[in-house]
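Data first, discussion second: the structure below is written as structure tokens.
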Amino acid sequence: MASLLPLYAVAVFCSLGAESLSLSFIPATLLGIALLAPLAAFAKRAPAASISGAIAPAASLAVLVTAFGLMARIAFALAVHPVAVSDMASYDFSARHLLTAHEYICRERAAIMHAFRPPGVAFLLAAVMAVVGQQAWAALLMNCLLYIGTSLLLWKSVEKLPSQAVAFALGMLALWPSDMAVASIPQSETPAVMFSAAFICVLVRVDNLWAKTILLGLITGLSCLFRNSNLLMIGVWWFVLLQTPAPLKKRLAMSILVVISAFAPILPWTVRNARVLGSPVLVATNGGSVFYSSNNSLTGGGWEGISDGSLRAYLPDEVGMDKAGFRLAEAWIKSHPARFVKLSFEKVRLLLGSDDWGPYWALERGRGYTGAGYIADLVAAGIWW
């Protein structure tokens, strides 16, 4: 496993060079080697730490680092005041509509849809607004609470490590430029990070295998209501549990239990979708749109607006639009297999290449600002990444 980590690091640095610096493959590879060489030399000479003899970190350290991160998020929000656009504006609209009309809908450009986006962010924001009112700062409060929860889960996962390790883990979260930038905007990334921390905490802290299986399933199901792409995790846990060193009957029982636990939070929403849309939609109807916009002749591997716009001809039948997106993308893949393979590498590069989504949504899109402050935030995000 340790031998794979340098390869992963090289991939990240190469992607960073290709994405942020527009370098071709060979210069990007050389950049990766140049950045990794001093780190590798330092790691080789650094003395190994003894966890058994290390001083356990005090809870006050976790509180101090978390408080710093909290103040940084609030300060950024007060200084910049990002405006919610695109997905974020849709989440805000859905939350406010939930409170006033007691009905979940999504506003996408001029269209009103009933299940285009996963409902988690809107319901969570609506719950916060139900307490504090429909305030402009409700999203900031929601994300700050999520950040505190993530910090707590992360701390409980690493609290038995040396103080330096705990401070580093919590400090990286506290000083995450992109997460800091979008703290006042309703989005699914911040909840997704908390669910990731919950996964780590369950894997590290829960010893009973049956309880661990149920918790992993429940957390996965809840996370799917925020990001429906997390449905892939159900298959991951199922596969992992089948590989567990246990008797075959126990492995089979756990693999079935994790699937049942995962679908338990999802099925009530699926039933609602069937009632409202007249068709069994598991979580959301945006899968076909996303799939087609990233698999066609115009795309570079990410979202592409022309193909997405062409699917809107199916509205108001959003289920038909969803199915059409998958159908058109599958047909394109079959007729362009080589191009699809090339796009697959591009998608990995886009995923690993940079962490500038926070500055982009908060400053460039949220404020229409691309000046020195925006450049500085991009540099900070690149250094952190």
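For the structure tokens, the naming scheme is as follows: chains receive sequential letters (A, B, ...) according to their order of presentation, residues are indexed from 1 within each chain, and ligands are indexed from 1 in presentation order.
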May I have a table of the residues of range 58-161 of chain A lying at most 9 Å from range 258-278 of chain A, giving each one's closest pair of atoms and their distance in Å to one decimal, counting only C-alpha atoms, ordered by chain and ascending residue number, as a tab-separated table?
```
residue	atom	partner	partner_atom	distance
A:His114	CA	A:Val276	CA	7.5
A:Ala115	CA	A:Asn273	CA	7.0
A:Pro119	CA	A:Trp269	CA	8.8
```
Dump as a PDB file, in the first residue's frame, selection limited to C-alpha atoms:
```pdb
ATOM      1  CA  HIS A 114     -39.956  18.059  -8.516  1.00  0.00           C
ATOM      2  CA  ALA A 115     -36.898  15.852  -8.088  1.00  0.00           C
ATOM      3  CA  PRO A 119     -33.261  16.965  -1.407  1.00  0.00           C
TER       4      PRO A 119
END
```
**Q.** Long-range neighbours of range 163-172 of chain A as an MDAnalysis selection string, 10 Å cut-off, only C-alpha atoms, 2 positions minimum in chain
**A.** chainID A and resid 51 54:58 61:66 68:69 150:152 154:161 174:177 384:385
Dump N, CA, C and O atoms for the selected residues as a CSV table (one decimal), in the first residue's frame?
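selection33.csv written:
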```csv
chain,number,residue,atom,x,y,z
A,51,ILE,N,3.9,6.0,18.5
A,51,ILE,CA,2.5,6.4,19.0
A,51,ILE,C,2.3,6.0,20.4
A,51,ILE,O,1.7,6.7,21.2
A,54,ALA,N,3.8,8.6,22.6
A,54,ALA,CA,3.5,10.0,22.3
A,54,ALA,C,2.5,10.5,23.3
A,54,ALA,O,1.7,9.8,24.0
A,55,ILE,N,2.5,11.8,23.5
A,55,ILE,CA,1.6,12.5,24.4
A,55,ILE,C,0.3,12.6,23.7
A,55,ILE,O,0.2,13.1,22.6
A,56,ALA,N,-0.8,12.1,24.4
A,56,ALA,CA,-2.1,12.2,23.8
A,56,ALA,C,-2.6,13.7,23.8
A,56,ALA,O,-2.4,14.4,24.8
A,57,PRO,N,-3.1,14.1,22.7
A,57,PRO,CA,-3.6,15.5,22.6
A,57,PRO,C,-4.7,15.8,23.5
A,57,PRO,O,-5.6,15.0,23.7
A,58,ALA,N,-4.7,17.0,24.1
A,58,ALA,CA,-5.9,17.4,24.9
A,58,ALA,C,-7.0,17.9,24.0
A,58,ALA,O,-6.8,18.3,22.9
A,61,LEU,N,-6.9,21.3,22.4
A,61,LEU,CA,-6.3,21.5,21.1
A,61,LEU,C,-7.3,21.5,19.9
A,61,LEU,O,-7.3,22.3,19.1
A,62,ALA,N,-8.2,20.5,20.0
A,62,ALA,CA,-9.2,20.3,19.0
A,62,ALA,C,-10.1,21.5,19.0
A,62,ALA,O,-10.5,22.1,17.9
A,63,VAL,N,-10.5,22.0,20.2
A,63,VAL,CA,-11.4,23.1,20.3
A,63,VAL,C,-10.7,24.4,19.7
A,63,VAL,O,-11.4,25.2,19.0
A,64,LEU,N,-9.5,24.6,20.0
A,64,LEU,CA,-8.7,25.8,19.6
A,64,LEU,C,-8.6,25.8,18.1
A,64,LEU,O,-8.9,26.9,17.5
A,65,VAL,N,-8.2,24.7,17.5
A,65,VAL,CA,-8.1,24.7,16.0
A,65,VAL,C,-9.4,24.8,15.3
A,65,VAL,O,-9.6,25.6,14.3
A,66,THR,N,-10.5,24.2,15.9
A,66,THR,CA,-11.8,24.3,15.3
A,66,THR,C,-12.3,25.7,15.4
A,66,THR,O,-13.0,26.2,14.4
A,68,PHE,N,-10.6,28.4,15.5
A,68,PHE,CA,-9.9,29.2,14.5
A,68,PHE,C,-10.5,29.1,13.1
A,68,PHE,O,-10.8,30.0,12.4
A,69,GLY,N,-10.8,27.8,12.7
A,69,GLY,CA,-11.4,27.6,11.4
A,69,GLY,C,-12.8,28.2,11.3
A,69,GLY,O,-13.2,28.7,10.3
A,150,THR,N,-17.9,18.0,11.5
A,150,THR,CA,-16.8,17.3,10.8
A,150,THR,C,-15.6,17.3,11.7
A,150,THR,O,-14.9,16.3,11.7
A,151,SER,N,-15.3,18.4,12.3
A,151,SER,CA,-14.1,18.5,13.1
A,151,SER,C,-14.2,17.5,14.3
A,151,SER,O,-13.2,16.9,14.7
A,152,LEU,N,-15.4,17.4,14.9
A,152,LEU,CA,-15.6,16.5,16.0
A,152,LEU,C,-15.3,15.1,15.6
A,152,LEU,O,-14.6,14.3,16.3
A,154,LEU,N,-13.7,14.0,13.0
A,154,LEU,CA,-12.3,13.8,12.6
A,154,LEU,C,-11.4,13.7,13.9
A,154,LEU,O,-10.5,12.8,13.9
A,155,TRP,N,-11.7,14.5,14.9
A,155,TRP,CA,-10.9,14.5,16.1
A,155,TRP,C,-11.1,13.1,16.8
A,155,TRP,O,-10.1,12.5,17.3
A,156,LYS,N,-12.3,12.6,16.9
A,156,LYS,CA,-12.6,11.3,17.5
A,156,LYS,C,-11.9,10.2,16.7
A,156,LYS,O,-11.5,9.1,17.3
A,157,SER,N,-11.6,10.4,15.4
A,157,SER,CA,-11.0,9.4,14.6
A,157,SER,C,-9.5,9.3,14.9
A,157,SER,O,-8.8,8.3,14.7
A,158,VAL,N,-8.9,10.5,15.2
A,158,VAL,CA,-7.4,10.6,15.3
A,158,VAL,C,-6.9,10.9,16.7
A,158,VAL,O,-5.7,11.1,16.9
A,159,GLU,N,-7.8,11.0,17.7
A,159,GLU,CA,-7.4,11.5,19.0
A,159,GLU,C,-6.3,10.6,19.7
A,159,GLU,O,-5.6,11.1,20.6
A,160,LYS,N,-6.2,9.4,19.3
A,160,LYS,CA,-5.2,8.5,19.9
A,160,LYS,C,-3.8,8.7,19.2
A,160,LYS,O,-2.8,8.0,19.7
A,161,LEU,N,-3.7,9.5,18.2
A,161,LEU,CA,-2.4,9.7,17.5
A,161,LEU,C,-1.7,10.8,18.3
A,161,LEU,O,-2.3,11.5,19.1
A,174,ALA,N,-9.5,23.1,9.0
A,174,ALA,CA,-9.8,24.5,9.4
A,174,ALA,C,-9.3,25.5,8.3
A,174,ALA,O,-10.0,26.5,8.1
A,175,LEU,N,-8.2,25.2,7.7
A,175,LEU,CA,-7.6,26.2,6.7
A,175,LEU,C,-7.9,25.8,5.3
A,175,LEU,O,-7.2,26.3,4.4
A,176,TRP,N,-8.9,24.9,5.0
A,176,TRP,CA,-9.2,24.5,3.7
A,176,TRP,C,-9.8,25.7,2.9
A,176,TRP,O,-10.9,26.2,3.2
A,177,PRO,N,-9.1,26.3,2.0
A,177,PRO,CA,-9.5,27.5,1.3
A,177,PRO,C,-10.9,27.4,0.6
A,177,PRO,O,-11.7,28.3,0.7
A,384,TRP,N,-2.7,24.6,-0.8
A,384,TRP,CA,-3.4,23.6,0.1
A,384,TRP,C,-3.5,22.3,-0.6
A,384,TRP,O,-3.3,21.3,0.0
A,385,TRP,N,-3.9,22.3,-1.8
A,385,TRP,CA,-4.1,21.1,-2.6
A,385,TRP,C,-2.8,20.3,-2.8
A,385,TRP,O,-2.8,19.1,-2.6
```
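CA of Ser178 in chain A is found 6.3 Å from CA of Trp357 in chain A.
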Q.
Which residues are close to Glu108 in chain A, i.e. within 10 Å by only C-alpha atoms, leaving aside same-chain residues fewer than 4 positions away? Reply as an MDAnalysis selection string.
A. chainID A and resid 86:87 89:90 93 112:113 116:117
Which residues of range 82-173 of chain A have any atom within 8 Å of an atom in range 211-232 of chain A when counting only C-alpha atoms, and what is the closest pair of atoms for each, with the distance in Å to one decimal? Order the rows by chain and rising number and write it as JSON lines.
```
{"residue": "A:Pro118", "atom": "CA", "partner": "A:Leu225", "partner_atom": "CA", "distance": 5.3}
{"residue": "A:Pro119", "atom": "CA", "partner": "A:Leu225", "partner_atom": "CA", "distance": 5.9}
{"residue": "A:Gly120", "atom": "CA", "partner": "A:Phe226", "partner_atom": "CA", "distance": 4.4}
{"residue": "A:Val121", "atom": "CA", "partner": "A:Phe226", "partner_atom": "CA", "distance": 6.0}
```
**Q.** Residues flagged helix (DSSP H, G or I) by DSSP in range 1-209 of chain A, as a PyMOL selection string
**A.** chain A and resi 4-20+25-45+59-80+87-101+120-132+138-158+163-174+177-181+189-205+209
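Comparing A:Ala246, A:Ala110, A:Met129, A:Gly373 by their smallest distance to Arg312 in chain A, the closest is A:Ala110 (using only C-alpha atoms).
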Q.
So that I can see what lies close to range 74-82 of chain A, please list as a PyMOL selection string the residues with an atom at most 12 Å from it, counting only C-alpha atoms and leaving out residues fewer than 3 positions away in the same chain.
A. chain A and resi 67-71+85+88-89+136-145+147+174-175+177-186+358-369+373-374+377
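Excluding range 98-101 of chain A and any residue on its chain fewer than 4 positions from it, the residues at most 9 Å away by only C-alpha atoms are Phe93, Ser94, Ile105, Ala122, Phe123, Ala126, Ala127, Met129, Ala130 and Gln134 of chain A.
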Convert the current residue selection to file output with N, CA, C and O atoms, as a JSON list (two decimals), in the first residue's frame.
```
[["chain", "number", "residue", "atom", "x", "y", "z"],
["A", 93, "PHE", "N", -33.68, 28.34, -3.08],
["A", 93, "PHE", "CA", -35.08, 28.45, -3.49],
["A", 93, "PHE", "C", -35.90, 27.28, -2.94],
["A", 93, "PHE", "O", -37.01, 27.48, -2.42],
["A", 94, "SER", "N", -35.37, 26.07, -3.06],
["A", 94, "SER", "CA", -36.10, 24.89, -2.59],
["A", 94, "SER", "C", -36.35, 24.94, -1.10],
["A", 94, "SER", "O", -37.45, 24.58, -0.63],
["A", 105, "ILE", "N", -39.74, 21.46, -4.51],
["A", 105, "ILE", "CA", -39.56, 21.63, -5.94],
["A", 105, "ILE", "C", -38.18, 22.24, -6.18],
["A", 105, "ILE", "O", -37.56, 22.80, -5.27],
["A", 122, "ALA", "N", -31.50, 21.14, 0.70],
["A", 122, "ALA", "CA", -32.68, 21.99, 0.85],
["A", 122, "ALA", "C", -33.41, 21.72, 2.16],
["A", 122, "ALA", "O", -33.82, 22.65, 2.87],
["A", 123, "PHE", "N", -33.58, 20.45, 2.51],
["A", 123, "PHE", "CA", -34.28, 20.11, 3.75],
["A", 123, "PHE", "C", -33.46, 20.55, 4.97],
["A", 123, "PHE", "O", -34.03, 21.03, 5.95],
["A", 126, "ALA", "N", -33.72, 24.28, 5.20],
["A", 126, "ALA", "CA", -35.07, 24.62, 5.65],
["A", 126, "ALA", "C", -35.22, 24.40, 7.15],
["A", 126, "ALA", "O", -35.89, 25.18, 7.84],
["A", 127, "ALA", "N", -34.58, 23.35, 7.67],
["A", 127, "ALA", "CA", -34.65, 23.09, 9.11],
["A", 127, "ALA", "C", -33.97, 24.21, 9.90],
["A", 127, "ALA", "O", -34.48, 24.64, 10.95],
["A", 129, "MET", "N", -33.61, 27.33, 8.80],
["A", 129, "MET", "CA", -34.46, 28.51, 8.62],
["A", 129, "MET", "C", -35.72, 28.43, 9.48],
["A", 129, "MET", "O", -36.27, 29.46, 9.89],
["A", 130, "ALA", "N", -36.20, 27.22, 9.75],
["A", 130, "ALA", "CA", -37.37, 27.06, 10.60],
["A", 130, "ALA", "C", -37.08, 27.54, 12.01],
["A", 130, "ALA", "O", -37.99, 27.97, 12.74],
["A", 134, "GLN", "N", -35.99, 32.93, 7.72],
["A", 134, "GLN", "CA", -35.39, 32.91, 6.38],
["A", 134, "GLN", "C", -34.36, 34.03, 6.25],
["A", 134, "GLN", "O", -34.51, 34.97, 5.45]]
```
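Here CA of Thr285 in chain A and CA of Asp322 in chain A stand 5.4 Å from one another.
DSSP, applied to the backbone of this structure, assigns strand (DSSP E or B) to the following residues of range 52-283 of chain A: Cys106, Arg107, Glu108, Ala111, Ile112 and Met113 of chain A.
Using only C-alpha atoms, the shortest contact distance between Gly305 in chain A and any of A:Phe42, A:Tyr292, A:Tyr104, A:Trp332 is found at A:Tyr292.
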